[in-house]
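> Quick one, run_13.cif (mmCIF, C-alpha atoms):
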```
data_data
loop_
_atom_site.group_PDB
_atom_site.id
_atom_site.type_symbol
_atom_site.label_atom_id
_atom_site.label_comp_id
_atom_site.auth_asym_id
_atom_site.auth_seq_id
_atom_site.Cartn_x
_atom_site.Cartn_y
_atom_site.Cartn_z
ATOM 1 C CA MET A 1 159.621 -119.487 145.003
ATOM 2 C CA ALA A 2 157.555 -120.369 141.928
ATOM 3 C CA LEU A 3 154.429 -118.467 140.964
ATOM 4 C CA ASP A 4 151.085 -119.957 142.013
ATOM 5 C CA LEU A 5 149.910 -120.296 138.429
ATOM 6 C CA ASP A 6 146.373 -121.313 139.390
ATOM 7 C CA ALA A 7 145.942 -118.182 141.515
ATOM 8 C CA TYR A 8 147.372 -115.992 138.737
ATOM 9 C CA LEU A 9 145.083 -117.443 136.073
ATOM 10 C CA THR A 10 142.095 -117.019 138.384
ATOM 11 C CA ARG A 11 143.093 -113.385 138.923
ATOM 12 C CA ILE A 12 143.122 -112.676 135.185
ATOM 13 C CA GLY A 13 140.055 -114.821 134.482
ATOM 14 C CA TRP A 14 141.704 -117.122 131.921
ATOM 15 C CA THR A 15 140.296 -120.644 131.803
ATOM 16 C CA GLY A 16 141.926 -121.941 128.617
ATOM 17 C CA ASP A 17 143.506 -125.366 128.228
ATOM 18 C CA ARG A 18 147.075 -125.487 129.595
ATOM 19 C CA ARG A 19 147.779 -129.077 128.555
ATOM 20 C CA PRO A 20 148.848 -128.634 124.906
ATOM 21 C CA ALA A 21 152.273 -127.249 124.051
ATOM 22 C CA PRO A 22 152.454 -123.432 124.260
ATOM 23 C CA THR A 23 150.718 -121.782 121.317
ATOM 24 C CA VAL A 24 150.353 -118.318 119.832
ATOM 25 C CA GLU A 25 146.666 -118.414 120.754
ATOM 26 C CA THR A 26 147.495 -119.079 124.409
ATOM 27 C CA LEU A 27 150.092 -116.306 124.473
ATOM 28 C CA ARG A 28 147.669 -113.784 123.002
ATOM 29 C CA ALA A 29 144.810 -114.830 125.253
ATOM 30 C CA VAL A 30 146.862 -114.706 128.481
ATOM 31 C CA HIS A 31 148.355 -111.343 127.451
ATOM 32 C CA ARG A 32 144.912 -109.876 126.776
ATOM 33 C CA ALA A 33 143.433 -111.303 129.990
ATOM 34 C CA HIS A 34 146.292 -109.948 132.127
ATOM 35 C CA LEU A 35 146.112 -106.502 130.568
ATOM 36 C CA THR A 36 142.362 -106.157 131.032
ATOM 37 C CA SER A 37 142.362 -107.521 134.597
ATOM 38 C CA ILE A 38 145.293 -105.913 136.431
ATOM 39 C CA PRO A 39 145.618 -102.106 136.414
ATOM 40 C CA PHE A 40 148.728 -100.023 135.902
ATOM 41 C CA GLU A 41 149.583 -97.891 138.961
ATOM 42 C CA ASN A 42 152.502 -96.155 140.661
ATOM 43 C CA LEU A 43 151.104 -95.891 144.183
ATOM 44 C CA ASP A 44 154.140 -97.427 145.904
ATOM 45 C CA PRO A 45 156.652 -94.833 144.593
ATOM 46 C CA LEU A 46 154.114 -92.071 145.150
ATOM 47 C CA LEU A 47 153.710 -93.101 148.786
ATOM 48 C CA GLY A 48 157.451 -93.411 149.360
ATOM 49 C CA SER A 49 158.636 -96.950 148.607
ATOM 50 C CA ALA A 50 160.185 -98.902 145.740
ATOM 51 C CA PRO A 51 158.072 -101.948 144.829
ATOM 52 C CA SER A 52 159.646 -105.379 145.175
ATOM 53 C CA LEU A 53 160.152 -107.376 141.992
ATOM 54 C CA ALA A 54 160.443 -110.716 143.811
ATOM 55 C CA VAL A 55 157.823 -113.104 142.418
ATOM 56 C CA PRO A 56 156.298 -113.936 145.842
ATOM 57 C CA ASP A 57 155.862 -110.212 146.546
ATOM 58 C CA LEU A 58 154.359 -109.580 143.111
ATOM 59 C CA GLU A 59 151.980 -112.490 143.642
ATOM 60 C CA ALA A 60 150.950 -111.094 147.020
ATOM 61 C CA LYS A 61 150.388 -107.582 145.671
ATOM 62 C CA LEU A 62 149.000 -107.992 142.137
ATOM 63 C CA VAL A 63 147.300 -111.375 142.489
ATOM 64 C CA ARG A 64 146.115 -111.850 146.063
ATOM 65 C CA ASP A 65 145.698 -108.203 147.152
ATOM 66 C CA ARG A 66 144.273 -107.297 143.717
ATOM 67 C CA ARG A 67 146.487 -104.235 143.335
ATOM 68 C CA GLY A 68 148.260 -103.100 140.194
ATOM 69 C CA GLY A 69 151.797 -102.057 139.375
ATOM 70 C CA TYR A 70 154.011 -100.513 136.729
ATOM 71 C CA CYS A 71 155.996 -102.100 133.912
ATOM 72 C CA TYR A 72 158.637 -103.985 135.926
ATOM 73 C CA GLU A 73 155.988 -105.512 138.175
ATOM 74 C CA HIS A 74 153.574 -106.439 135.393
ATOM 75 C CA ASN A 75 156.118 -107.870 133.004
ATOM 76 C CA THR A 76 158.084 -109.707 135.716
ATOM 77 C CA LEU A 77 154.832 -111.351 136.816
ATOM 78 C CA LEU A 78 153.956 -112.186 133.208
ATOM 79 C CA THR A 79 157.443 -113.653 132.703
ATOM 80 C CA ALA A 80 156.869 -116.040 135.617
ATOM 81 C CA ALA A 81 153.457 -117.049 134.277
ATOM 82 C CA LEU A 82 154.580 -117.576 130.679
ATOM 83 C CA THR A 83 157.627 -119.555 131.809
ATOM 84 C CA ALA A 84 155.361 -121.799 133.884
ATOM 85 C CA LEU A 85 153.209 -122.303 130.779
ATOM 86 C CA GLY A 86 156.241 -123.437 128.746
ATOM 87 C CA PHE A 87 157.189 -120.291 126.812
ATOM 88 C CA ARG A 88 160.746 -118.977 126.448
ATOM 89 C CA VAL A 89 160.924 -115.383 127.694
ATOM 90 C CA THR A 90 163.689 -112.802 127.301
ATOM 91 C CA GLY A 91 163.513 -109.429 129.034
ATOM 92 C CA LEU A 92 164.285 -106.268 127.041
ATOM 93 C CA THR A 93 164.327 -102.545 127.820
ATOM 94 C CA ALA A 94 163.115 -99.558 125.822
ATOM 95 C CA ARG A 95 163.423 -95.794 125.654
ATOM 96 C CA VAL A 96 159.932 -94.294 125.901
ATOM 97 C CA ARG A 97 159.247 -91.747 123.160
ATOM 98 C CA VAL A 98 155.687 -90.727 124.054
ATOM 99 C CA GLY A 99 155.736 -87.048 124.985
ATOM 100 C CA ALA A 100 159.394 -86.569 124.064
ATOM 101 C CA ALA A 101 160.518 -83.814 121.726
ATOM 102 C CA PRO A 102 162.015 -84.999 118.401
ATOM 103 C CA GLY A 103 165.646 -86.006 118.857
ATOM 104 C CA THR A 104 165.364 -86.446 122.622
ATOM 105 C CA VAL A 105 167.156 -89.565 123.858
ATOM 106 C CA ARG A 106 165.619 -90.779 127.092
ATOM 107 C CA PRO A 107 167.174 -93.509 129.261
ATOM 108 C CA ARG A 108 166.047 -97.107 128.963
ATOM 109 C CA THR A 109 163.398 -97.237 131.667
ATOM 110 C CA HIS A 110 160.673 -99.446 130.184
ATOM 111 C CA MET A 111 160.561 -103.246 130.418
ATOM 112 C CA LEU A 112 159.105 -105.440 127.662
ATOM 113 C CA LEU A 113 159.371 -109.108 126.747
ATOM 114 C CA LEU A 114 160.447 -111.160 123.738
ATOM 115 C CA VAL A 115 158.679 -114.527 123.755
ATOM 116 C CA GLY A 116 159.645 -117.706 121.955
ATOM 117 C CA ILE A 117 157.166 -120.466 121.138
ATOM 118 C CA PRO A 118 158.410 -124.041 120.691
ATOM 119 C CA GLY A 119 158.366 -124.963 117.006
ATOM 120 C CA GLU A 120 157.980 -121.334 115.813
ATOM 121 C CA GLU A 121 160.825 -119.422 114.223
ATOM 122 C CA ARG A 122 159.272 -116.000 114.815
ATOM 123 C CA ARG A 123 159.418 -114.392 118.244
ATOM 124 C CA TYR A 124 156.658 -112.302 119.755
ATOM 125 C CA VAL A 125 156.677 -109.077 121.727
ATOM 126 C CA ALA A 126 154.610 -109.139 124.906
ATOM 127 C CA ASP A 127 154.122 -106.041 127.041
ATOM 128 C CA VAL A 128 151.390 -105.756 129.669
ATOM 129 C CA GLY A 129 153.191 -102.969 131.524
ATOM 130 C CA PHE A 130 153.051 -99.978 129.185
ATOM 131 C CA GLY A 131 149.612 -99.032 130.404
ATOM 132 C CA SER A 132 148.852 -96.283 127.898
ATOM 133 C CA VAL A 133 146.237 -96.147 125.171
ATOM 134 C CA GLY A 134 149.009 -96.827 122.642
ATOM 135 C CA GLY A 135 150.100 -100.113 124.225
ATOM 136 C CA LEU A 136 149.625 -103.652 122.976
ATOM 137 C CA LEU A 137 146.388 -105.483 123.693
ATOM 138 C CA GLU A 138 147.852 -108.788 122.507
ATOM 139 C CA ALA A 139 151.329 -110.121 121.814
ATOM 140 C CA VAL A 140 152.420 -109.609 118.192
ATOM 141 C CA PRO A 141 155.346 -110.926 116.105
ATOM 142 C CA LEU A 142 158.510 -108.864 116.008
ATOM 143 C CA VAL A 143 158.366 -108.133 112.284
ATOM 144 C CA ALA A 144 159.225 -104.802 110.666
ATOM 145 C CA ASP A 145 156.913 -102.732 108.457
ATOM 146 C CA THR A 146 153.832 -104.888 109.005
ATOM 147 C CA GLU A 147 150.621 -103.511 110.459
ATOM 148 C CA PHE A 148 149.022 -105.561 113.231
ATOM 149 C CA HIS A 149 145.440 -105.344 114.449
ATOM 150 C CA ASP A 150 145.597 -106.526 118.046
ATOM 151 C CA GLY A 151 142.024 -106.312 119.239
ATOM 152 C CA THR A 152 140.757 -102.787 118.530
ATOM 153 C CA ARG A 153 144.266 -101.298 118.266
ATOM 154 C CA ARG A 154 146.673 -100.887 115.348
ATOM 155 C CA HIS A 155 150.427 -101.249 115.747
ATOM 156 C CA ARG A 156 153.590 -101.754 113.753
ATOM 157 C CA TYR A 157 157.367 -101.949 114.182
ATOM 158 C CA VAL A 158 159.777 -99.929 112.073
ATOM 159 C CA ARG A 159 163.565 -100.048 112.166
ATOM 160 C CA GLU A 160 166.018 -97.193 112.545
ATOM 161 C CA PRO A 161 169.782 -97.501 112.041
ATOM 162 C CA TYR A 162 172.113 -97.401 115.020
ATOM 163 C CA PRO A 163 175.767 -96.375 114.498
ATOM 164 C CA GLU A 164 177.559 -98.516 111.925
ATOM 165 C CA GLY A 165 178.168 -102.063 113.004
ATOM 166 C CA LEU A 166 175.466 -102.180 115.682
ATOM 167 C CA GLU A 167 172.042 -103.772 115.527
ATOM 168 C CA ASP A 168 169.192 -101.629 114.230
ATOM 169 C CA LEU A 169 166.775 -100.003 116.615
ATOM 170 C CA TRP A 170 163.201 -101.325 116.693
ATOM 171 C CA VAL A 171 160.552 -98.614 117.073
ATOM 172 C CA PHE A 172 157.094 -99.563 118.343
ATOM 173 C CA GLN A 173 154.354 -97.374 116.870
ATOM 174 C CA ALA A 174 150.608 -97.022 117.464
ATOM 175 C CA PHE A 175 148.051 -95.577 115.058
ATOM 176 C CA LEU A 176 146.417 -92.775 117.074
ATOM 177 C CA ASP A 177 144.459 -89.690 116.018
ATOM 178 C CA GLY A 178 144.952 -90.499 112.334
ATOM 179 C CA SER A 179 148.731 -91.004 112.294
ATOM 180 C CA TRP A 180 151.478 -93.423 113.310
ATOM 181 C CA GLN A 181 153.067 -92.295 116.576
ATOM 182 C CA ASP A 182 156.234 -93.599 118.218
ATOM 183 C CA GLN A 183 155.639 -95.248 121.597
ATOM 184 C CA TYR A 184 159.107 -96.557 122.456
ATOM 185 C CA ALA A 185 162.339 -97.831 120.886
ATOM 186 C CA PHE A 186 164.447 -100.857 121.812
ATOM 187 C CA THR A 187 167.086 -103.358 120.760
ATOM 188 C CA ARG A 188 167.058 -107.117 121.331
ATOM 189 C CA GLU A 189 169.832 -107.029 123.935
ATOM 190 C CA PRO A 190 168.721 -109.259 126.857
ATOM 191 C CA PHE A 191 168.369 -107.743 130.317
ATOM 192 C CA GLU A 192 168.442 -109.655 133.598
ATOM 193 C CA ALA A 193 166.605 -109.378 136.911
ATOM 194 C CA SER A 194 169.567 -107.504 138.414
ATOM 195 C CA ASP A 195 169.322 -104.878 135.647
ATOM 196 C CA TYR A 196 165.630 -104.335 136.306
ATOM 197 C CA GLY A 197 166.331 -104.055 140.018
ATOM 198 C CA VAL A 198 168.599 -101.060 139.385
ATOM 199 C CA ILE A 199 166.201 -99.391 136.933
ATOM 200 C CA ASN A 200 163.219 -100.024 139.197
ATOM 201 C CA TRP A 201 165.006 -98.409 142.146
ATOM 202 C CA HIS A 202 165.952 -95.380 140.031
ATOM 203 C CA VAL A 203 162.428 -94.829 138.695
ATOM 204 C CA ALA A 204 160.820 -95.322 142.114
ATOM 205 C CA THR A 205 163.195 -93.198 144.203
ATOM 206 C CA ASN A 206 164.820 -90.563 141.972
ATOM 207 C CA PRO A 207 163.379 -87.162 142.980
ATOM 208 C CA ARG A 208 163.185 -86.233 139.292
ATOM 209 C CA SER A 209 161.095 -89.270 138.381
ATOM 210 C CA PRO A 210 157.495 -88.389 137.440
ATOM 211 C CA PHE A 211 156.347 -91.476 139.343
ATOM 212 C CA GLN A 212 157.582 -89.817 142.538
ATOM 213 C CA HIS A 213 155.218 -86.860 142.296
ATOM 214 C CA THR A 214 152.133 -87.575 140.192
ATOM 215 C CA LEU A 215 149.521 -90.310 140.434
ATOM 216 C CA HIS A 216 149.371 -92.445 137.271
ATOM 217 C CA VAL A 217 146.718 -95.153 137.175
ATOM 218 C CA GLN A 218 145.447 -96.799 133.998
ATOM 219 C CA ARG A 219 143.031 -99.580 133.181
ATOM 220 C CA THR A 220 142.547 -101.141 129.769
ATOM 221 C CA ALA A 221 139.381 -102.744 128.425
ATOM 222 C CA LEU A 222 138.900 -104.179 124.950
ATOM 223 C CA ASP A 223 136.923 -101.143 123.787
ATOM 224 C CA HIS A 224 138.114 -98.315 126.033
ATOM 225 C CA HIS A 225 140.935 -97.046 128.215
ATOM 226 C CA LEU A 226 140.763 -95.263 131.561
ATOM 227 C CA LEU A 227 143.506 -92.941 132.834
ATOM 228 C CA LEU A 228 143.811 -91.110 136.134
ATOM 229 C CA SER A 229 146.713 -88.661 136.044
ATOM 230 C CA GLY A 230 146.863 -86.578 139.207
ATOM 231 C CA ARG A 231 143.201 -85.700 139.635
ATOM 232 C CA THR A 232 142.333 -85.741 135.932
ATOM 233 C CA LEU A 233 140.224 -88.731 134.870
ATOM 234 C CA VAL A 234 140.231 -89.459 131.131
ATOM 235 C CA GLU A 235 138.150 -92.125 129.373
ATOM 236 C CA THR A 236 139.113 -92.883 125.758
ATOM 237 C CA HIS A 237 137.031 -95.201 123.563
ATOM 238 C CA SER A 238 138.231 -97.182 120.568
ATOM 239 C CA ASN A 239 136.059 -95.048 118.258
ATOM 240 C CA GLY A 240 138.002 -91.953 119.333
ATOM 241 C CA ASN A 241 135.431 -90.519 121.737
ATOM 242 C CA ARG A 242 137.037 -88.996 124.821
ATOM 243 C CA LYS A 243 135.656 -87.771 128.144
ATOM 244 C CA GLU A 244 137.598 -85.878 130.792
ATOM 245 C CA ARG A 245 136.791 -84.573 134.256
ATOM 246 C CA GLU A 246 138.608 -83.254 137.305
ATOM 247 C CA LEU A 247 138.218 -84.995 140.644
ATOM 248 C CA ALA A 248 137.540 -82.599 143.483
ATOM 249 C CA HIS A 249 139.548 -83.978 146.417
ATOM 250 C CA ASN A 250 141.478 -86.887 147.922
ATOM 251 C CA ASP A 251 138.380 -88.788 149.038
ATOM 252 C CA GLU A 252 136.962 -88.713 145.516
ATOM 253 C CA VAL A 253 140.263 -90.023 144.159
ATOM 254 C CA LEU A 254 140.107 -92.932 146.610
ATOM 255 C CA ARG A 255 136.498 -93.678 145.593
ATOM 256 C CA VAL A 256 137.404 -93.650 141.876
ATOM 257 C CA LEU A 257 140.424 -95.890 142.492
ATOM 258 C CA ALA A 258 138.163 -98.439 144.180
ATOM 259 C CA ALA A 259 135.136 -98.195 141.890
ATOM 260 C CA ASP A 260 136.761 -97.739 138.475
ATOM 261 C CA PHE A 261 140.196 -99.330 138.878
ATOM 262 C CA GLY A 262 139.549 -101.993 141.510
ATOM 263 C CA ILE A 263 142.258 -100.603 143.806
ATOM 264 C CA GLU A 264 141.203 -100.284 147.428
ATOM 265 C CA LEU A 265 143.614 -98.383 149.650
ATOM 266 C CA PRO A 266 143.438 -98.239 153.465
ATOM 267 C CA PRO A 267 140.957 -95.650 154.776
ATOM 268 C CA GLY A 268 142.680 -92.362 155.471
ATOM 269 C CA THR A 269 145.360 -92.791 152.795
ATOM 270 C CA VAL A 270 146.427 -89.301 151.695
ATOM 271 C CA LEU A 271 147.712 -88.942 148.140
ATOM 272 C CA PRO A 272 149.813 -85.981 146.953
ATOM 273 C CA ASP A 273 147.850 -83.204 145.250
#
```
Using structure tokens, write down the structure that the file contains.


Amino acid sequence: MALDLDAYLTRIGWTGDRRPAPTVETLRAVHRAHLTSIPFENLDPLLGSAPSLAVPDLEAKLVRDRRGGYCYEHNTLLTAALTALGFRVTGLTARVRVGAAPGTVRPRTHMLLLVGIPGEERRYVADVGFGSVGGLLEAVPLVADTEFHDGTRRHRYVREPYPEGLEDLWVFQAFLDGSWQDQYAFTREPFEASDYGVINWHVATNPRSPFQHTLHVQRTALDHHLLLSGRTLVETHSNGNRKERELAHNDEVLRVLAADFGIELPPGTVLPD
């Protein structure tokens, strides 16, 4: 079943002109609108289920029920929307480096997209599912050693060698707290829906997955970022100012989810401490 593109664009508040051929401006605008409209959240795994990646189910959850999701949900939904708008989209996977000790090799558990635009030689990275303060606000070209200012954020890609004879590794970096910091690393090997199905199931159901045990909800605005991790609420502004507070109990968490993230759960929902 195809995505209801009108409903999706209404959900993200984008009213641009769809009639011309796909453009960089459209890609950036849709990316930014999606990111600032639909929150990142892991409530399904936390409450005991693996989220469906079928487009009708994503439309029902993220568009019509106004929920959020994590990377596979966000970027699968964006893939459907961009394809409907005439872009060429290839799914990739990355190893997240945020919070990892130097030299640690994590599994490929993050989904991102490589987007082609008719008539353009360069391809663009789109990723509305990373969620964190270091993530992209807008799609940017996949070009090494070039600093990009996407909205209020600064990013770049650097390359690291893989073993001889294999393609180099692309490392996505964000400029945070006065230095360039690795966010994740990836190659351009295409991944398919069946691959994401396996990874999604692992991340949602593996007892060692952090998404199984701790609430992670994030919402991005153009000038600030809101994070709820467990019961810790953190607001980070583009000028570096940061506020943090602890939520007292489950009912306060539910109120904050509704008021600050736009996520309304059924009354009586009990979240893990």

> Counting all atoms listed in the file, which of A:Asp57, A:Glu189, A:Asp251, A:Asp260 gets nearest to A:Leu228?

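Between A:Asp57, A:Glu189, A:Asp251, A:Asp260, the residue approaching A:Leu228 most closely is A:Asp260.
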
> Provide the atom CA of A:Ala7 to atom CA of A:Ile117 distance in Å, to one decimal place.

23.4 Å

> Would you kindly return, as a VMD selection string, each protein, DNA or RNA residue with an atom no farther than 12 Å from any atom of A:Glu59, considering all atoms listed in the file and excluding same-chain residues fewer than 6 positions away?

chain A and resid 1 to 9 11 38 52 to 53 65 to 69 73 to 74 76 to 78 80 to 81

> Identify which of the residues A:Leu92, A:Thr220, A:Gln212, A:Thr10 lies closest to A:Leu62, counting only C-alpha atoms when measuring atom-to-atom distances.

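Looking only at the distances to A:Leu62, the closest residue turns out to be A:Thr10.
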
> For stretch 20-28 of chain A, work out the shell of residues within 8 Å, counting all atoms listed in the file and skipping chain neighbours fewer than 4 positions away, then give it as a VMD selection string.

chain A and resid 16 32 82 85 to 87 117 to 118 138 to 140

> Quick one: what's the axis-aligned box for stretch 147-151 of chain A, all listed atoms, 4 Å on every side, centre and edges in Å to one decimal, as JSON?


```
{"center_x": 146.3, "center_y": -105.0, "center_z": 114.8, "size_x": 16.6, "size_y": 11.0, "size_z": 16.8}
```

> Could you please determine the separation between atom CA of A:Leu136 and atom CA of A:Leu166 in Å, to one decimal place?

26.9 Å

> Which residue out of A:Val171, A:Val133, A:Leu142, A:Ala100 has the minimum interatomic distance to A:Gly116 when all atoms listed in the file are used?

A:Leu142

> Neighbours of A:Ala126 within 7 Å (only C-alpha atoms; same-chain residues fewer than 5 positions away dropped), as a list in words?

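Listed by chain and then number, they are Leu112, Leu113, Leu114, Val115 and Ala139 of chain A.
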
> What do you get, as a VMD selection string, if you spell out every residue that the PyMOL selection byres ((chain A and resi 186) around 6) selects here?

chain A and resid 94 169 to 170 185 187

> What's the 10 Å shell around stretch 191-202 of chain A, counting all atoms listed in the file, without same-chain residues fewer than 4 positions away, as a list in words?

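The neighbour list is Pro45, Ser49, Ala50, Pro51, Ser52, Leu53, Ala54, Tyr70, Cys71, Tyr72, Glu73, Thr76, Thr90, Gly91, Leu92, Thr93, Pro107, Arg108, Thr109, His110, Met111, Leu112, Leu113, Asn206, Pro207, Arg208 and Ser209 of chain A.
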
> Which of these, A:Glu121, A:Ser229, A:Ala248, A:Asp223, has the shortest distance to A:Asp150 once you count all atoms listed in the file?

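Under the stated criterion, the closest residue is A:Asp223.
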
> Can you find the residues with an atom no farther than 9 Å from (141.6, -88.0, 133.2), counting all atoms listed in the file, and report them as number ranges by chain?

A: 226-235, 243-247

> Just to confirm, what's the straight-line distance from atom CA of A:Thr236 to atom CA of A:Val253 in Å (one decimal)?

18.7 Å

> Would you list the residues near (152.7, -103.2, 110.0) (no more than 8 Å away, in the coordinates of the file, using all atoms listed in the file) as a PyMOL selection string?

chain A and resi 143-148+155-157

> Taking all atoms listed in the file into account, name the residue in A:Phe40, A:Tyr124, A:Trp180, A:Tyr162 that is nearest to A:Ile263.

A:Phe40

> Counting all atoms listed in the file, which of A:Leu222, A:Leu43, A:Ala204, A:Val105 gets nearest to A:Leu257?

A:Leu43
